[in-house]
file target_29.txt (compact mmCIF, C-alpha atoms and all ligand atoms)
# COMPACT_ATOMS: atom_id res chain seq x y z
CA MET A 604 95.46 98.63 133.51
CA ALA A 605 99.08 98.51 132.32
CA LYS A 606 100.35 100.69 129.50
CA PRO A 607 102.25 98.85 126.74
CA LYS A 608 105.76 99.92 125.79
CA ILE A 609 105.49 102.68 123.16
CA ILE A 610 108.23 103.17 120.57
CA MET A 611 108.20 106.07 118.08
CA HIS A 612 109.96 105.07 114.86
CA ASN A 613 110.73 107.56 112.09
CA SER A 614 113.07 108.20 109.20
CA ILE A 615 114.27 111.82 109.09
CA THR A 616 116.81 113.82 107.11
CA LEU A 617 119.77 115.41 108.85
CA ASP A 618 117.92 118.75 108.84
CA GLY A 619 114.84 117.17 110.41
CA SER A 620 112.44 116.75 107.48
CA PHE A 621 110.03 113.83 107.69
CA ARG A 622 107.33 114.66 105.10
CA ASP A 623 107.65 114.23 101.33
CA ILE A 624 111.01 112.50 101.63
CA ASP A 625 112.11 109.37 99.84
CA VAL A 626 112.14 106.96 102.82
CA ASP A 627 114.13 103.75 102.28
CA MET A 628 111.30 101.30 103.11
CA GLY A 629 113.70 98.34 103.43
CA ILE A 630 115.74 100.11 106.10
CA HIS A 631 112.71 101.76 107.76
CA TYR A 632 110.65 98.60 108.19
CA GLY A 633 113.66 96.26 108.57
CA THR A 634 114.85 98.16 111.63
CA ALA A 635 111.27 98.53 112.94
CA ALA A 636 110.80 94.74 112.82
CA SER A 637 113.56 94.28 115.42
CA PHE A 638 111.24 95.73 118.08
CA GLY A 639 108.82 92.80 117.76
CA GLU A 640 105.73 95.03 117.82
CA ASP A 641 102.32 93.65 118.69
CA ILE A 642 100.51 96.80 117.54
CA HIS A 643 101.39 99.16 114.69
CA LEU A 644 99.85 102.52 115.68
CA VAL A 645 99.12 104.88 112.80
CA GLY A 646 97.65 108.41 112.65
CA ALA A 647 94.87 109.12 110.15
CA ASN A 648 96.93 111.57 108.04
CA THR A 649 99.82 109.14 107.86
CA ALA A 650 97.46 106.36 106.74
CA LYS A 651 95.93 108.62 104.10
CA THR A 652 99.34 109.68 102.77
CA GLY A 653 100.43 106.03 102.66
CA ILE A 654 97.36 105.07 100.59
CA GLU A 655 98.08 107.84 98.07
CA MET A 656 101.75 106.88 97.91
CA PHE A 657 100.99 103.21 97.22
CA GLY A 658 98.50 103.60 94.40
CA GLY A 659 95.14 104.73 95.82
CA VAL A 660 92.00 102.82 96.79
CA PRO A 661 90.80 99.86 94.70
CA PRO A 662 87.06 99.04 94.63
CA GLU A 663 85.86 96.91 97.55
CA GLU A 664 85.24 93.20 97.02
CA ASP A 665 83.15 90.76 99.10
CA SER A 666 86.25 89.52 100.96
CA ASP A 667 86.93 93.08 102.19
CA PHE A 668 83.84 92.81 104.42
CA ARG A 669 85.40 89.98 106.47
CA LYS A 670 88.37 89.88 108.81
CA ALA A 671 91.50 88.44 107.21
CA GLU A 672 92.81 85.20 108.72
CA ARG A 673 96.47 85.73 109.46
CA GLU A 674 99.10 84.45 111.90
CA ARG A 675 98.90 85.85 115.43
CA THR A 676 102.57 86.84 115.15
CA ILE A 677 101.65 89.52 112.61
CA PRO A 678 100.93 92.90 114.26
CA ILE A 679 97.51 94.49 114.41
CA TRP A 680 97.28 97.93 112.81
CA ALA A 681 95.54 100.35 115.17
CA ILE A 682 94.54 103.44 113.23
CA ILE A 683 93.47 106.62 115.04
CA ASP A 684 90.70 108.27 113.05
CA SER A 685 88.15 110.18 115.08
CA LYS A 686 86.98 112.23 112.08
CA GLY A 687 86.37 109.22 109.84
CA ILE A 688 88.65 110.46 107.05
CA LEU A 689 89.48 106.85 106.10
CA LYS A 690 85.88 105.90 105.35
CA GLY A 691 85.91 103.86 102.13
CA SER A 692 89.62 103.05 102.21
CA LEU A 693 90.37 100.80 105.21
CA HIS A 694 90.33 97.67 103.02
CA VAL A 695 93.70 98.82 101.63
CA PHE A 696 95.20 97.99 105.04
CA ARG A 697 93.06 94.88 105.62
CA ARG A 698 94.48 93.43 102.40
CA PHE A 699 98.09 94.15 103.46
CA GLU A 700 99.77 90.86 104.35
CA LEU A 701 101.86 92.45 107.13
CA CYS A 702 98.68 93.61 108.91
CA ARG A 703 96.78 90.97 110.98
CA ASP A 704 93.71 93.21 110.89
CA VAL A 705 92.71 96.83 111.39
CA VAL A 706 91.39 98.18 114.70
CA VAL A 707 90.11 101.75 114.55
CA LEU A 708 90.45 104.13 117.51
CA VAL A 709 87.61 106.65 117.52
CA SER A 710 86.10 109.17 119.96
CA GLY A 711 82.74 110.60 121.01
CA SER A 712 82.95 113.07 118.10
CA THR A 713 83.22 110.40 115.41
CA PRO A 714 80.45 110.61 112.77
CA GLU A 715 77.79 107.91 113.11
CA ASP A 716 78.05 106.94 109.41
CA TYR A 717 81.72 106.06 109.92
CA LEU A 718 80.81 103.75 112.82
CA GLU A 719 78.19 102.11 110.58
CA TYR A 720 80.85 101.64 107.87
CA LEU A 721 83.10 99.92 110.45
CA LYS A 722 80.32 97.68 111.78
CA GLU A 723 79.21 96.58 108.30
CA ARG A 724 82.76 95.41 107.59
CA ASP A 725 83.42 93.81 110.98
CA TYR A 726 86.27 96.14 111.94
CA ASP A 727 86.96 96.21 115.69
CA PHE A 728 86.82 99.74 117.05
CA ILE A 729 87.48 101.32 120.43
CA VAL A 730 85.71 104.50 121.54
CA THR A 731 87.54 106.74 124.05
CA GLY A 732 87.74 110.50 124.63
CA GLU A 733 85.36 113.22 123.48
CA GLU A 734 86.88 115.38 120.71
CA HIS A 735 90.05 113.33 120.16
CA VAL A 736 90.84 109.77 121.18
CA ASP A 737 91.98 109.48 124.81
CA LEU A 738 95.38 108.02 123.94
CA LYS A 739 96.25 106.61 127.36
CA GLU A 740 92.92 104.87 127.77
CA ALA A 741 92.88 103.58 124.18
CA LEU A 742 96.40 102.14 124.56
CA GLU A 743 95.44 100.41 127.79
CA VAL A 744 92.35 98.87 126.16
CA LEU A 745 94.43 97.75 123.16
CA SER A 746 97.04 96.22 125.45
CA LYS A 747 94.42 94.27 127.40
CA LYS A 748 92.18 93.20 124.51
CA TYR A 749 94.98 92.08 122.19
CA LYS A 750 97.56 91.10 124.84
CA ALA A 751 99.92 93.68 123.38
CA GLY A 752 103.18 94.46 125.14
CA THR A 753 104.85 96.60 122.46
CA VAL A 754 103.37 99.35 120.28
CA LEU A 755 105.32 100.85 117.39
CA VAL A 756 104.16 104.34 116.39
CA ASP A 757 104.35 105.02 112.65
CA SER A 758 103.23 108.64 112.35
CA GLY A 759 104.15 112.24 111.80
CA SER A 760 104.37 115.17 114.21
CA GLY A 761 100.63 115.24 115.07
CA LEU A 762 100.33 111.89 116.80
CA ASN A 763 103.97 111.79 117.95
CA GLY A 764 103.57 115.23 119.55
CA ALA A 765 100.35 114.22 121.33
CA LEU A 766 101.92 111.02 122.68
CA LEU A 767 105.04 112.88 123.86
CA ALA A 768 102.98 115.65 125.46
CA GLN A 769 101.08 113.03 127.46
CA ASP A 770 104.30 111.29 128.53
CA LEU A 771 103.31 108.05 126.82
CA VAL A 772 106.45 107.44 124.72
CA ASP A 773 109.12 105.11 126.09
CA ASP A 774 111.69 104.99 123.26
CA ILE A 775 112.40 107.14 120.19
CA SER A 776 113.95 105.34 117.23
CA LEU A 777 115.27 107.53 114.41
CA ILE A 778 116.68 106.49 111.06
CA MET A 779 118.89 109.44 110.15
CA MET A 780 119.11 109.87 106.38
CA PRO A 781 122.27 111.54 104.99
CA LEU A 782 120.29 114.31 103.23
CA LEU A 783 119.60 118.00 103.64
CA THR A 784 116.30 119.06 102.10
CA GLY A 785 115.88 122.65 103.22
CA LYS A 786 112.16 122.01 103.70
CA GLY A 787 111.76 124.55 106.49
CA THR A 788 110.74 124.26 110.08
CA ASP A 789 108.08 121.54 109.96
CA THR A 790 110.09 119.09 111.99
CA LEU A 791 108.96 115.85 113.59
CA PHE A 792 109.08 117.41 117.04
CA ALA A 793 107.30 120.66 116.10
CA ASN A 794 104.29 119.78 118.23
CA ILE A 795 106.10 119.44 121.55
CA GLU A 796 104.90 122.17 123.91
CA LYS A 797 107.16 125.22 124.03
CA ASN A 798 109.58 125.48 126.96
CA GLU A 799 109.33 121.76 127.63
CA THR A 800 112.58 119.82 127.84
CA ILE A 801 112.45 116.05 127.47
CA GLU A 802 115.65 114.32 128.54
CA LEU A 803 116.81 111.28 126.58
CA GLU A 804 119.30 108.48 127.15
CA LEU A 805 121.09 106.94 124.15
CA LEU A 806 120.41 103.20 123.80
CA LYS A 807 121.71 102.57 120.28
CA CYS A 808 123.86 104.30 117.68
CA GLU A 809 124.43 102.02 114.68
CA LYS A 810 125.78 102.77 111.23
CA LEU A 811 123.59 101.18 108.55
CA GLU A 812 124.04 100.72 104.81
CA ARG A 813 124.02 103.80 102.51
CA ASP A 814 125.52 105.97 105.33
CA TYR A 815 122.24 105.86 107.26
CA VAL A 816 122.50 105.98 111.06
CA TRP A 817 120.05 104.35 113.49
CA LEU A 818 119.62 106.12 116.80
CA VAL A 819 117.46 104.80 119.64
CA TYR A 820 116.83 106.91 122.72
CA LYS A 821 114.96 106.13 125.92
CA VAL A 822 112.69 108.91 127.16
CA LYS A 823 113.93 109.40 130.71
CA ARG A 824 110.73 110.85 132.16
CA SER A 825 108.54 108.10 130.71
CA SER A 826 106.46 106.16 133.21
CA ASN A 827 108.17 102.93 132.15
CA LYS A 828 111.69 104.14 132.97
N1 LIG A 901 109.34 109.98 107.86
C1 LIG A 901 108.63 109.15 108.58
O1 LIG A 901 109.16 108.28 109.26
C2 LIG A 901 107.14 109.28 108.60
C3 LIG A 901 106.38 108.31 109.26
C4 LIG A 901 105.01 108.47 109.30
C5 LIG A 901 104.42 109.57 108.67
N2 LIG A 901 105.20 110.47 108.03
C6 LIG A 901 104.59 111.63 107.36
O2 LIG A 901 103.93 112.42 108.35
C7 LIG A 901 102.85 113.11 107.73
C8 LIG A 901 101.60 112.95 108.59
O3 LIG A 901 101.84 113.53 109.84
P1 LIG A 901 100.71 114.36 110.59
O4 LIG A 901 101.34 114.90 111.82
O5 LIG A 901 100.06 115.30 109.64
O6 LIG A 901 99.61 113.27 110.89
P2 LIG A 901 99.56 112.03 111.88
O7 LIG A 901 100.86 111.70 112.44
O8 LIG A 901 98.80 111.01 111.15
O9 LIG A 901 98.76 112.63 113.11
C9 LIG A 901 97.40 112.89 113.04
C10 LIG A 901 96.68 111.88 113.93
O10 LIG A 901 97.00 112.17 115.29
C11 LIG A 901 95.82 112.25 116.03
N3 LIG A 901 95.98 113.26 117.08
C12 LIG A 901 96.54 114.48 116.97
N4 LIG A 901 96.50 115.11 118.16
C13 LIG A 901 95.89 114.27 119.03
C14 LIG A 901 95.54 114.35 120.40
N5 LIG A 901 95.83 115.42 121.14
N6 LIG A 901 94.95 113.28 120.97
C15 LIG A 901 94.65 112.18 120.25
N7 LIG A 901 94.95 112.04 118.93
C16 LIG A 901 95.55 113.08 118.33
C17 LIG A 901 94.75 112.70 115.04
O11 LIG A 901 93.53 112.28 115.56
P3 LIG A 901 92.10 112.66 114.93
O12 LIG A 901 91.71 111.43 114.19
O13 LIG A 901 91.27 112.93 116.14
O14 LIG A 901 92.28 113.86 114.05
C18 LIG A 901 95.17 111.97 113.80
O15 LIG A 901 94.66 110.64 113.75
C19 LIG A 901 102.69 112.53 106.34
O16 LIG A 901 103.26 113.42 105.41
C20 LIG A 901 103.50 111.26 106.40
O17 LIG A 901 104.03 110.88 105.16
C21 LIG A 901 106.53 110.34 107.97

call {"tool": "encode", "arguments": {"input": "target_29.txt", "output": "structure tokens", "more": "lines below"}}
Ligand SMILES: NC(=O)c1ccc[n+]([C@@H]2O[C@H](COP(=O)([O-])OP(=O)(O)OC[C@H]3O[C@@H](n4cnc5c(N)ncnc54)[C@H](OP(=O)(O)O)[C@@H]3O)[C@@H](O)[C@H]2O)c1
result
Amino acid sequence: MAKPKIIMHNSITLDGSFRDIDVDMGIHYGTAASFGEDIHLVGANTAKTGIEMFGGVPPEEDSDFRKAERERTIPIWAIIDSKGILKGSLHVFRRFELCRDVVVLVSGSTPEDYLEYLKERDYDFIVTGEEHVDLKEALEVLSKKYKAGTVLVDSGSGLNGALLAQDLVDDISLIMMPLLTGKGTDTLFANIEKNETIELELLKCEKLERDYVWLVYKVKRSSNK
């Protein structure tokens, strides 16, 4: 099975911070849209942080138990959540008009009650891997099932690091924010294995509004090079 093209997309400060920063959503998602993603791939912690940031979880209504009917041009949100930490809150994403529907990527370690929660609400889910999701296999299944050619990764260092470590990332897109936050060493690339060098080739360097800079690099050792 073919792997889709995987693009990491993040906003970071000049000193590398990516958490607890005031991301310019217009710039972040405006630039992301240019990639024409079929799948928006999100880690569980990122999804949870997003829910807290945008006002929490409203009570479920009858319509939350059915798939939304939206244009096929709108991307599917594939959320990795093998521990089931989003139980009770997935309808926040299902209601989001820029999400065609939610597909949950789970593993052999996922609690049974979470799978029941997904089935009761007619969420598609894909089971791969034992402890964690097998990212390569899950991406191949997603690509085949949803005819997805391009996946945009919207996550922090956990998922990004795992994808990079498994040589699954094709391009890295960074929105560089003209800020220094002094927030320490928790950088976006903190989870890359020590002593590993990943060579990159610059594809884009564009000055945006508000002195932001958009950098896009191709990962040279990626299988799609
Ligand atoms: N500035 C930006 O552009 C930006 C964008 C997105 C997020 N963020 C920030 O990033 C932070 C969240 O980052 P995070 O690193 O804590 O969480 P994360 O990116 O959501 O990563 C955790 C996810 O990665 C999965 N994962 C980790 N290692 C894996 C492996 N080896 N194989 C398969 N799956 C694996 C975990 O799976 P399990 O389900 O198995 O645990 C979990 O779903 C938040 O503060 C958020 O606001 C910033």

call {"tool": "closest_atom_pairs", "arguments": {"input": "target_29.txt", "of": "chain A", "to": "ligand LIG 901 (chain A)", "cutoff": "6 Å", "atoms": "only C-alpha atoms and all ligand atoms", "output": "Markdown table"}}
result
| residue | atom | partner | partner_atom | distance |
| --- | --- | --- | --- | --- |
| A:Asn613 | CA | A:LIG901 | O1 | 3.3 |
| A:Ser614 | CA | A:LIG901 | O1 | 3.9 |
| A:Ile615 | CA | A:LIG901 | N1 | 5.4 |
| A:Phe621 | CA | A:LIG901 | N1 | 3.9 |
| A:Arg622 | CA | A:LIG901 | O16 | 4.3 |
| A:Gly646 | CA | A:LIG901 | O8 | 3.2 |
| A:Ala647 | CA | A:LIG901 | O15 | 3.9 |
| A:Asn648 | CA | A:LIG901 | O8 | 3.7 |
| A:Thr649 | CA | A:LIG901 | O8 | 3.9 |
| A:Thr652 | CA | A:LIG901 | O17 | 5.4 |
| A:Ile683 | CA | A:LIG901 | O15 | 4.4 |
| A:Asp684 | CA | A:LIG901 | O12 | 3.5 |
| A:Ser685 | CA | A:LIG901 | O12 | 3.9 |
| A:Lys686 | CA | A:LIG901 | O12 | 5.2 |
| A:His735 | CA | A:LIG901 | O13 | 4.2 |
| A:Val736 | CA | A:LIG901 | C15 | 4.6 |
| A:Asp737 | CA | A:LIG901 | C15 | 5.9 |
| A:Leu738 | CA | A:LIG901 | C15 | 5.6 |
| A:Asp757 | CA | A:LIG901 | C4 | 4.9 |
| A:Ser758 | CA | A:LIG901 | C4 | 3.5 |
| A:Gly759 | CA | A:LIG901 | O3 | 3.3 |
| A:Ser760 | CA | A:LIG901 | O4 | 3.9 |
| A:Gly761 | CA | A:LIG901 | O4 | 3.3 |
| A:Leu762 | CA | A:LIG901 | O10 | 3.7 |
| A:Ala765 | CA | A:LIG901 | N5 | 4.7 |

call {"tool": "closest_residue", "arguments": {"input": "target_29.txt", "among": "A:Glu655, A:Asp704, A:Glu674, A:Asp625", "to": "Ser692 of chain A", "atoms": "all atoms listed in the file"}}
result
A:Glu655

call {"tool": "closest_residue", "arguments": {"input": "target_29.txt", "among": "A:Leu742, A:Leu777, A:Ala793, A:Leu693", "to": "Leu721 of chain A", "atoms": "all atoms listed in the file"}}
result
A:Leu693

call {"tool": "atom_distance", "arguments": {"input": "target_29.txt", "atom1": "atom CA of Val819 of chain A", "atom2": "atom CA of Met780 of chain A"}}
result
14.3 Å

call {"tool": "closest_residue", "arguments": {"input": "target_29.txt", "among": "A:His694, A:Ile682, A:Ile688, A:Arg813", "to": "Gly659 of chain A", "atoms": "only C-alpha atoms"}}
result
A:His694

call {"tool": "closest_residue", "arguments": {"input": "target_29.txt", "among": "A:Ala741, A:Val660, A:Leu791, A:Cys702", "to": "Leu767 of chain A", "atoms": "all atoms listed in the file"}}
result
A:Leu791

call {"tool": "atom_distance", "arguments": {"input": "target_29.txt", "atom1": "atom CA of Glu812 of chain A", "atom2": "atom CA of Ile630 of chain A"}}
result
8.4 Å

call {"tool": "closest_residue", "arguments": {"input": "target_29.txt", "among": "A:Thr731, A:Met611, A:Gly653, A:Asp623", "to": "Asp789 of chain A", "atoms": "only C-alpha atoms"}}
result
A:Asp623

call {"tool": "closest_residue", "arguments": {"input": "target_29.txt", "among": "A:Phe657, A:Tyr720, A:His631, A:Ile679", "to": "Lys748 of chain A", "atoms": "all atoms listed in the file"}}
result
A:Ile679

call {"tool": "residues_near_point", "arguments": {"input": "target_29.txt", "point": "(92.8, 89.3, 105.3)", "cutoff": "12 Å", "atoms": "only C-alpha atoms", "output": "VMD selection string"}}
result
chain A and resid 664 to 674 677 679 693 to 705 724 to 726

call {"tool": "residues_around", "arguments": {"input": "target_29.txt", "residues": "Ala636 of chain A", "least_positions_apart": "4", "cutoff": "12 Å", "atoms": "all atoms listed in the file", "output": "PyMOL selection string"}}
result
chain A and resi 610+612+628-632+640-643+676-678+701+753-755+776

call {"tool": "residues_around", "arguments": {"input": "target_29.txt", "residues": "Lys608 of chain A", "least_positions_apart": "4", "cutoff": "9 Å", "atoms": "all atoms listed in the file", "output": "number ranges by chain"}}
result
A: 751-755, 771-774, 827

call {"tool": "atom_distance", "arguments": {"input": "target_29.txt", "atom1": "atom CA of Phe792 of chain A", "atom2": "atom CA of Gly619 of chain A"}}
result
8.8 Å

call {"tool": "axis_aligned_box", "arguments": {"input": "target_29.txt", "around": "segment 615-620 of chain A", "padding_each_side": "6 Å", "output": "JSON"}}
result
{"center_x": 116.1, "center_y": 115.3, "center_z": 108.8, "size_x": 19.3, "size_y": 18.9, "size_z": 15.3}

call {"tool": "build_atoms", "arguments": {"input": "target_29.txt", "residues": "segment 653-676 of chain A", "atoms": "N, CA and C atoms", "output": "PDB file, in the frame of the given file"}}
result
ATOM      1  N   GLY A 653      99.916 107.336 103.081  1.00  0.00           N
ATOM      2  CA  GLY A 653     100.430 106.030 102.660  1.00  0.00           C
ATOM      3  C   GLY A 653      99.586 105.458 101.523  1.00  0.00           C
ATOM      4  N   ILE A 654      98.252 105.596 101.633  1.00  0.00           N
ATOM      5  CA  ILE A 654      97.360 105.070 100.590  1.00  0.00           C
ATOM      6  C   ILE A 654      97.645 105.769  99.256  1.00  0.00           C
ATOM      7  N   GLU A 655      97.809 107.089  99.315  1.00  0.00           N
ATOM      8  CA  GLU A 655      98.080 107.840  98.070  1.00  0.00           C
ATOM      9  C   GLU A 655      99.422 107.420  97.473  1.00  0.00           C
ATOM     10  N   MET A 656     100.397 107.222  98.372  1.00  0.00           N
ATOM     11  CA  MET A 656     101.750 106.880  97.910  1.00  0.00           C
ATOM     12  C   MET A 656     101.778 105.502  97.231  1.00  0.00           C
ATOM     13  N   PHE A 657     100.932 104.579  97.741  1.00  0.00           N
ATOM     14  CA  PHE A 657     100.990 103.210  97.220  1.00  0.00           C
ATOM     15  C   PHE A 657      99.859 102.874  96.251  1.00  0.00           C
ATOM     16  N   GLY A 658      99.360 103.892  95.549  1.00  0.00           N
ATOM     17  CA  GLY A 658      98.500 103.600  94.400  1.00  0.00           C
ATOM     18  C   GLY A 658      97.013 103.785  94.585  1.00  0.00           C
ATOM     19  N   GLY A 659      96.554 104.406  95.680  1.00  0.00           N
ATOM     20  CA  GLY A 659      95.140 104.730  95.820  1.00  0.00           C
ATOM     21  C   GLY A 659      94.285 103.599  96.339  1.00  0.00           C
ATOM     22  N   VAL A 660      92.967 103.751  96.189  1.00  0.00           N
ATOM     23  CA  VAL A 660      92.000 102.820  96.790  1.00  0.00           C
ATOM     24  C   VAL A 660      91.307 102.003  95.706  1.00  0.00           C
ATOM     25  N   PRO A 661      91.519 100.692  95.673  1.00  0.00           N
ATOM     26  CA  PRO A 661      90.800  99.860  94.700  1.00  0.00           C
ATOM     27  C   PRO A 661      89.350  99.668  95.142  1.00  0.00           C
ATOM     28  N   PRO A 662      88.447  99.290  94.226  1.00  0.00           N
ATOM     29  CA  PRO A 662      87.060  99.040  94.630  1.00  0.00           C
ATOM     30  C   PRO A 662      86.987  97.901  95.649  1.00  0.00           C
ATOM     31  N   GLU A 663      86.007  97.978  96.551  1.00  0.00           N
ATOM     32  CA  GLU A 663      85.860  96.910  97.550  1.00  0.00           C
ATOM     33  C   GLU A 663      85.325  95.635  96.908  1.00  0.00           C
ATOM     34  N   GLU A 664      85.761  94.494  97.449  1.00  0.00           N
ATOM     35  CA  GLU A 664      85.240  93.200  97.020  1.00  0.00           C
ATOM     36  C   GLU A 664      84.582  92.520  98.227  1.00  0.00           C
ATOM     37  N   ASP A 665      83.859  91.435  97.998  1.00  0.00           N
ATOM     38  CA  ASP A 665      83.150  90.760  99.100  1.00  0.00           C
ATOM     39  C   ASP A 665      84.090  90.412 100.256  1.00  0.00           C
ATOM     40  N   SER A 666      85.301  89.952  99.920  1.00  0.00           N
ATOM     41  CA  SER A 666      86.250  89.520 100.960  1.00  0.00           C
ATOM     42  C   SER A 666      86.687  90.691 101.857  1.00  0.00           C
ATOM     43  N   ASP A 667      86.537  91.922 101.388  1.00  0.00           N
ATOM     44  CA  ASP A 667      86.930  93.080 102.190  1.00  0.00           C
ATOM     45  C   ASP A 667      85.975  93.321 103.355  1.00  0.00           C
ATOM     46  N   PHE A 668      84.823  92.635 103.347  1.00  0.00           N
ATOM     47  CA  PHE A 668      83.840  92.810 104.420  1.00  0.00           C
ATOM     48  C   PHE A 668      84.081  91.835 105.570  1.00  0.00           C
ATOM     49  N   ARG A 669      85.103  90.968 105.420  1.00  0.00           N
ATOM     50  CA  ARG A 669      85.400  89.980 106.470  1.00  0.00           C
ATOM     51  C   ARG A 669      86.811  90.198 106.996  1.00  0.00           C
ATOM     52  N   LYS A 670      87.027  89.799 108.256  1.00  0.00           N
ATOM     53  CA  LYS A 670      88.370  89.880 108.810  1.00  0.00           C
ATOM     54  C   LYS A 670      89.291  88.924 108.050  1.00  0.00           C
ATOM     55  N   ALA A 671      90.533  89.340 107.852  1.00  0.00           N
ATOM     56  CA  ALA A 671      91.500  88.440 107.210  1.00  0.00           C
ATOM     57  C   ALA A 671      91.935  87.396 108.244  1.00  0.00           C
ATOM     58  N   GLU A 672      92.315  86.214 107.785  1.00  0.00           N
ATOM     59  CA  GLU A 672      92.810  85.200 108.720  1.00  0.00           C
ATOM     60  C   GLU A 672      94.311  85.119 108.580  1.00  0.00           C
ATOM     61  N   ARG A 673      95.003  85.695 109.527  1.00  0.00           N
ATOM     62  CA  ARG A 673      96.470  85.730 109.460  1.00  0.00           C
ATOM     63  C   ARG A 673      97.074  85.284 110.786  1.00  0.00           C
ATOM     64  N   GLU A 674      98.365  84.920 110.724  1.00  0.00           N
ATOM     65  CA  GLU A 674      99.100  84.450 111.900  1.00  0.00           C
ATOM     66  C   GLU A 674      99.016  85.463 113.050  1.00  0.00           C
ATOM     67  N   ARG A 675      98.964  84.951 114.268  1.00  0.00           N
ATOM     68  CA  ARG A 675      98.900  85.850 115.430  1.00  0.00           C
ATOM     69  C   ARG A 675     100.216  86.584 115.666  1.00  0.00           C
ATOM     70  N   THR A 676     101.280  86.150 114.990  1.00  0.00           N
ATOM     71  CA  THR A 676     102.570  86.840 115.150  1.00  0.00           C
ATOM     72  C   THR A 676     102.627  88.146 114.347  1.00  0.00           C
TER      73      THR A 676
END
